[in-house]
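Trainee: First, the structure itself, so that you have it in front of you.
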Amino acid sequence: MATEKQKQANKINAQQSSGPQSSQGKQRSSINAESHGLNKSMNTLIQPEVAVLQSLFEDDGLPSDQAIELAEAHSARARVRAARKQAWESILSSQEMDPDERGRFSEASPEFLAEMDQTVGGKEWQTILPYFFLKPFSNEKERVDEVTITFLDKQRRLNRYDVKAVSTLSKLYKKAYKT
Amino acid sequence: MATKKSTKKAQSNTIVLELNAEQTELLANIPWFNKRYLLPGESVSDYDIDLQRLVESIEVKDPLDAILVKDIHDELREVQRMRALRQSILLRGMAEKLGRLLRAPYDFENDPRAIVAFTEWERSAEQGYEDILSLLEEVDTTMGALMADAFSLKLKSLQQLDVQLSRHEKNVRETLKMIDTRHNHKLMRQRIEFDLEQDRQKLIADQSDGD
């Protein structure tokens, strides 16, 4: 466990970091902010299905505190599943993996990019479309390999949420329905 | 037992199970329960037919069972997708290795005949197989050796995929346990209630005998 002093030192060091240097690193960090919302705490008031599930568990003879815990756990699991579906879809319809889109401006001249910045009104478009600046795929094999690796990486990152959702649900079932 | 009402209904936006009206209405208020986890190219009817089979084999009795069975169904479909992806990665690895073996010395590009033969084979099990065998003869290797090479070539992806596969298989087992836990509890509660009722009846009978 890190001490307070170490935590402070880590903070200062991190602030001095100039960020990723390689194009691969930049590409990876470009999806850091991609949000699946699985870390957000659930607002049960705006999720009517939680109330419905709670009533189903209450009808099953459970006290309301256990019923609401189970209802929330079911909703959490559904959110993980939705995130997994999104991961499949984002790969299947990804422009990043589209050979016609990826690397479109990888060899563009600085003058051309400056002109684009002026037309669009800033450099922001370059961060929104990072795949325009990646190295284009040299062949279909390279593209398919990249699609597979990116997909598996996305799925792997969702595993901890999946494990948490299913184990919580499992524990709650055991606790609520112990015989 | 809950069953899907008709094929026509199955094509609708909600998942239809034969529960009573009140239970169906409750389930209709759970948006994620009524969403089919389908990817582009997957068919609604296949999804519903498989769900129906599962519903029948697990004997769904109420909405809570239905929710858990749908979870299992979605996990099983994920397992199928992962298995298909695994097969495709392996075949790609085999085609890549064979293409490398077939290429002429000092040639940078793999021999395209390997990709063509494997693509044919993937489309239909019979087609392409003869071509693959003759290409294997040409480089004096066997299908087993080629598969072993493909494994080492695609090791990282295959290992990651196996982790995903076991994750989803574990989720299926855990969900089945949840169903069992709930059913056993229900059964136990019924037995206790039955015993209590018998005791009560006996007490009443004893009392009336005493009178």
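Identifiers in the structure tokens: chain A, B, ... in order shown; residue index from 1 per chain; ligand index from 1 in order shown.
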Could you make a table, as JSON lines, of the residues of chain B that have an atom within 10 Å of an atom of chain A, each with its nearest atom pair and distance in Å to one decimal, counting only C-alpha atoms, in chain and number order?
Mentor:
```
{"residue": "B:Gln23", "atom": "CA", "partner": "A:Leu56", "partner_atom": "CA", "distance": 8.9}
{"residue": "B:Leu26", "atom": "CA", "partner": "A:Val52", "partner_atom": "CA", "distance": 6.5}
{"residue": "B:Leu27", "atom": "CA", "partner": "A:Val52", "partner_atom": "CA", "distance": 8.0}
{"residue": "B:Ala28", "atom": "CA", "partner": "A:Glu49", "partner_atom": "CA", "distance": 9.4}
{"residue": "B:Asn29", "atom": "CA", "partner": "A:Glu49", "partner_atom": "CA", "distance": 6.1}
{"residue": "B:Ile30", "atom": "CA", "partner": "A:Glu49", "partner_atom": "CA", "distance": 4.8}
{"residue": "B:Pro31", "atom": "CA", "partner": "A:Glu49", "partner_atom": "CA", "distance": 7.2}
{"residue": "B:Trp32", "atom": "CA", "partner": "A:Ala78", "partner_atom": "CA", "distance": 6.6}
{"residue": "B:Phe33", "atom": "CA", "partner": "A:Ala78", "partner_atom": "CA", "distance": 8.4}
{"residue": "B:Lys35", "atom": "CA", "partner": "A:Ala82", "partner_atom": "CA", "distance": 9.7}
{"residue": "B:Tyr37", "atom": "CA", "partner": "A:Lys85", "partner_atom": "CA", "distance": 7.1}
{"residue": "B:Leu38", "atom": "CA", "partner": "A:Lys85", "partner_atom": "CA", "distance": 8.0}
{"residue": "B:Leu39", "atom": "CA", "partner": "A:Glu89", "partner_atom": "CA", "distance": 6.9}
{"residue": "B:Pro40", "atom": "CA", "partner": "A:Glu89", "partner_atom": "CA", "distance": 7.8}
{"residue": "B:Asp62", "atom": "CA", "partner": "A:Leu56", "partner_atom": "CA", "distance": 9.5}
{"residue": "B:Pro63", "atom": "CA", "partner": "A:Leu56", "partner_atom": "CA", "distance": 7.7}
{"residue": "B:Leu64", "atom": "CA", "partner": "A:Leu56", "partner_atom": "CA", "distance": 7.1}
{"residue": "B:Ile67", "atom": "CA", "partner": "A:His74", "partner_atom": "CA", "distance": 8.8}
{"residue": "B:Leu68", "atom": "CA", "partner": "A:His74", "partner_atom": "CA", "distance": 9.1}
{"residue": "B:Asp71", "atom": "CA", "partner": "A:Ala78", "partner_atom": "CA", "distance": 8.5}
{"residue": "B:Asp74", "atom": "CA", "partner": "A:Arg81", "partner_atom": "CA", "distance": 8.5}
{"residue": "B:Glu75", "atom": "CA", "partner": "A:Arg81", "partner_atom": "CA", "distance": 8.9}
{"residue": "B:Glu78", "atom": "CA", "partner": "A:Arg84", "partner_atom": "CA", "distance": 9.5}
{"residue": "B:Met82", "atom": "CA", "partner": "A:Leu152", "partner_atom": "CA", "distance": 10.0}
{"residue": "B:Leu85", "atom": "CA", "partner": "A:Thr148", "partner_atom": "CA", "distance": 8.7}
{"residue": "B:Ile89", "atom": "CA", "partner": "A:Thr148", "partner_atom": "CA", "distance": 8.5}
{"residue": "B:Arg92", "atom": "CA", "partner": "A:Lys141", "partner_atom": "CA", "distance": 8.6}
{"residue": "B:Glu96", "atom": "CA", "partner": "A:Lys141", "partner_atom": "CA", "distance": 8.8}
{"residue": "B:Lys154", "atom": "CA", "partner": "A:Asp145", "partner_atom": "CA", "distance": 9.5}
{"residue": "B:Lys156", "atom": "CA", "partner": "A:Ile149", "partner_atom": "CA", "distance": 9.0}
{"residue": "B:Ser157", "atom": "CA", "partner": "A:Ile149", "partner_atom": "CA", "distance": 6.6}
{"residue": "B:Leu158", "atom": "CA", "partner": "A:Leu152", "partner_atom": "CA", "distance": 9.7}
{"residue": "B:Gln160", "atom": "CA", "partner": "A:Leu152", "partner_atom": "CA", "distance": 6.7}
{"residue": "B:Leu161", "atom": "CA", "partner": "A:Leu152", "partner_atom": "CA", "distance": 6.9}
{"residue": "B:Val163", "atom": "CA", "partner": "A:Arg156", "partner_atom": "CA", "distance": 8.4}
{"residue": "B:Gln164", "atom": "CA", "partner": "A:Arg156", "partner_atom": "CA", "distance": 7.2}
{"residue": "B:Arg167", "atom": "CA", "partner": "A:Asn159", "partner_atom": "CA", "distance": 7.8}
{"residue": "B:His168", "atom": "CA", "partner": "A:Asp162", "partner_atom": "CA", "distance": 9.3}
{"residue": "B:Lys170", "atom": "CA", "partner": "A:Val166", "partner_atom": "CA", "distance": 9.5}
{"residue": "B:Asn171", "atom": "CA", "partner": "A:Val166", "partner_atom": "CA", "distance": 6.8}
{"residue": "B:Val172", "atom": "CA", "partner": "A:Val166", "partner_atom": "CA", "distance": 9.9}
{"residue": "B:Glu174", "atom": "CA", "partner": "A:Ser170", "partner_atom": "CA", "distance": 6.8}
{"residue": "B:Thr175", "atom": "CA", "partner": "A:Ser170", "partner_atom": "CA", "distance": 7.6}
{"residue": "B:Lys177", "atom": "CA", "partner": "A:Ser170", "partner_atom": "CA", "distance": 8.0}
{"residue": "B:Met178", "atom": "CA", "partner": "A:Tyr173", "partner_atom": "CA", "distance": 6.1}
{"residue": "B:Ile179", "atom": "CA", "partner": "A:Tyr173", "partner_atom": "CA", "distance": 8.9}
{"residue": "B:Asp180", "atom": "CA", "partner": "A:Tyr177", "partner_atom": "CA", "distance": 9.9}
{"residue": "B:Thr181", "atom": "CA", "partner": "A:Tyr177", "partner_atom": "CA", "distance": 6.3}
{"residue": "B:Arg182", "atom": "CA", "partner": "A:Tyr177", "partner_atom": "CA", "distance": 5.8}
{"residue": "B:His183", "atom": "CA", "partner": "A:Tyr177", "partner_atom": "CA", "distance": 8.9}
{"residue": "B:Asn184", "atom": "CA", "partner": "A:Thr179", "partner_atom": "CA", "distance": 7.3}
{"residue": "B:His185", "atom": "CA", "partner": "A:Thr179", "partner_atom": "CA", "distance": 5.4}
{"residue": "B:Lys186", "atom": "CA", "partner": "A:Tyr177", "partner_atom": "CA", "distance": 8.3}
{"residue": "B:Leu187", "atom": "CA", "partner": "A:Thr179", "partner_atom": "CA", "distance": 9.4}
{"residue": "B:Met188", "atom": "CA", "partner": "A:Thr179", "partner_atom": "CA", "distance": 6.8}
{"residue": "B:Arg189", "atom": "CA", "partner": "A:Thr179", "partner_atom": "CA", "distance": 8.3}
```
Trainee: So that I can check the secondary structure, give me every residue of region 36-155 of chain A assigned helix (DSSP H, G or I) by backbone DSSP, as an NGL selection string.
Mentor: :A and (44-46 or 48-59 or 64-92 or 110-120 or 124-128 or 130-133 or 140-155)
Trainee: For CA of Arg86 (chain B) and CA of Asp149 (chain B), quote the distance in Å rounded to one decimal.
Mentor: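 CA of Asp149 (chain B) lies 15.1 Å from CA of Arg86 (chain B).
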Trainee: Quick one: pull the distance between CA of Leu134 (chain A) and CA of Ser106 (chain A), Å, one decimal.
Mentor: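 Between CA of Leu134 (chain A) and CA of Ser106 (chain A) the gap is 6.0 Å.
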Trainee: Tell me which protein, DNA and RNA residues are within 10 Å of Asp100 (chain A), counting only C-alpha atoms, leaving out same-chain ones fewer than 6 positions away, and put them as a count of residues only.
Mentor: 3
Trainee: Skipping near chain neighbours, those fewer than 2 positions away, what residues fall within 9 Å of Ile132 (chain B) using only C-alpha atoms, listed as a PDB file with N, CA and C atoms, in the first residue's frame?
Mentor:
```
ATOM      1  N   ARG B 113      -3.130 -19.025 -53.045  1.00  0.00           N
ATOM      2  CA  ARG B 113      -3.933 -20.249 -53.192  1.00  0.00           C
ATOM      3  C   ARG B 113      -4.419 -20.770 -51.836  1.00  0.00           C
ATOM      4  N   ALA B 114      -3.580 -20.551 -50.806  1.00  0.00           N
ATOM      5  CA  ALA B 114      -3.952 -21.037 -49.462  1.00  0.00           C
ATOM      6  C   ALA B 114      -5.198 -20.305 -48.958  1.00  0.00           C
ATOM      7  N   ALA B 117      -8.308 -21.469 -50.868  1.00  0.00           N
ATOM      8  CA  ALA B 117      -8.755 -22.816 -50.466  1.00  0.00           C
ATOM      9  C   ALA B 117      -9.436 -22.789 -49.094  1.00  0.00           C
ATOM     10  N   PHE B 118      -8.844 -22.055 -48.149  1.00  0.00           N
ATOM     11  CA  PHE B 118      -9.438 -22.006 -46.802  1.00  0.00           C
ATOM     12  C   PHE B 118     -10.750 -21.231 -46.774  1.00  0.00           C
ATOM     13  N   TRP B 121     -13.293 -23.543 -47.972  1.00  0.00           N
ATOM     14  CA  TRP B 121     -13.533 -24.565 -46.950  1.00  0.00           C
ATOM     15  C   TRP B 121     -14.410 -24.012 -45.829  1.00  0.00           C
ATOM     16  N   GLY B 128     -13.223 -26.983 -51.123  1.00  0.00           N
ATOM     17  CA  GLY B 128     -11.928 -26.448 -50.707  1.00  0.00           C
ATOM     18  C   GLY B 128     -11.048 -27.486 -50.025  1.00  0.00           C
ATOM     19  N   TYR B 129     -11.684 -28.545 -49.466  1.00  0.00           N
ATOM     20  CA  TYR B 129     -10.915 -29.531 -48.707  1.00  0.00           C
ATOM     21  C   TYR B 129      -9.897 -30.254 -49.604  1.00  0.00           C
ATOM     22  N   GLU B 130     -10.392 -30.646 -50.798  1.00  0.00           N
ATOM     23  CA  GLU B 130      -9.495 -31.339 -51.748  1.00  0.00           C
ATOM     24  C   GLU B 130      -8.308 -30.446 -52.106  1.00  0.00           C
ATOM     25  N   SER B 134      -4.266 -31.113 -51.488  1.00  0.00           N
ATOM     26  CA  SER B 134      -3.210 -31.126 -52.525  1.00  0.00           C
ATOM     27  C   SER B 134      -2.131 -30.074 -52.212  1.00  0.00           C
ATOM     28  N   LEU B 135      -2.533 -28.950 -51.623  1.00  0.00           N
ATOM     29  CA  LEU B 135      -1.534 -27.935 -51.250  1.00  0.00           C
ATOM     30  C   LEU B 135      -0.638 -28.443 -50.114  1.00  0.00           C
ATOM     31  N   LEU B 136      -1.267 -29.213 -49.192  1.00  0.00           N
ATOM     32  CA  LEU B 136      -0.482 -29.785 -48.087  1.00  0.00           C
ATOM     33  C   LEU B 136       0.560 -30.773 -48.629  1.00  0.00           C
ATOM     34  N   GLU B 137       0.129 -31.559 -49.635  1.00  0.00           N
ATOM     35  CA  GLU B 137       1.055 -32.515 -50.260  1.00  0.00           C
ATOM     36  C   GLU B 137       2.221 -31.791 -50.913  1.00  0.00           C
ATOM     37  N   MET B 143      -2.274 -31.821 -41.948  1.00  0.00           N
ATOM     38  CA  MET B 143      -3.263 -30.901 -41.392  1.00  0.00           C
ATOM     39  C   MET B 143      -2.971 -30.663 -39.906  1.00  0.00           C
TER      40      MET B 143
END
```
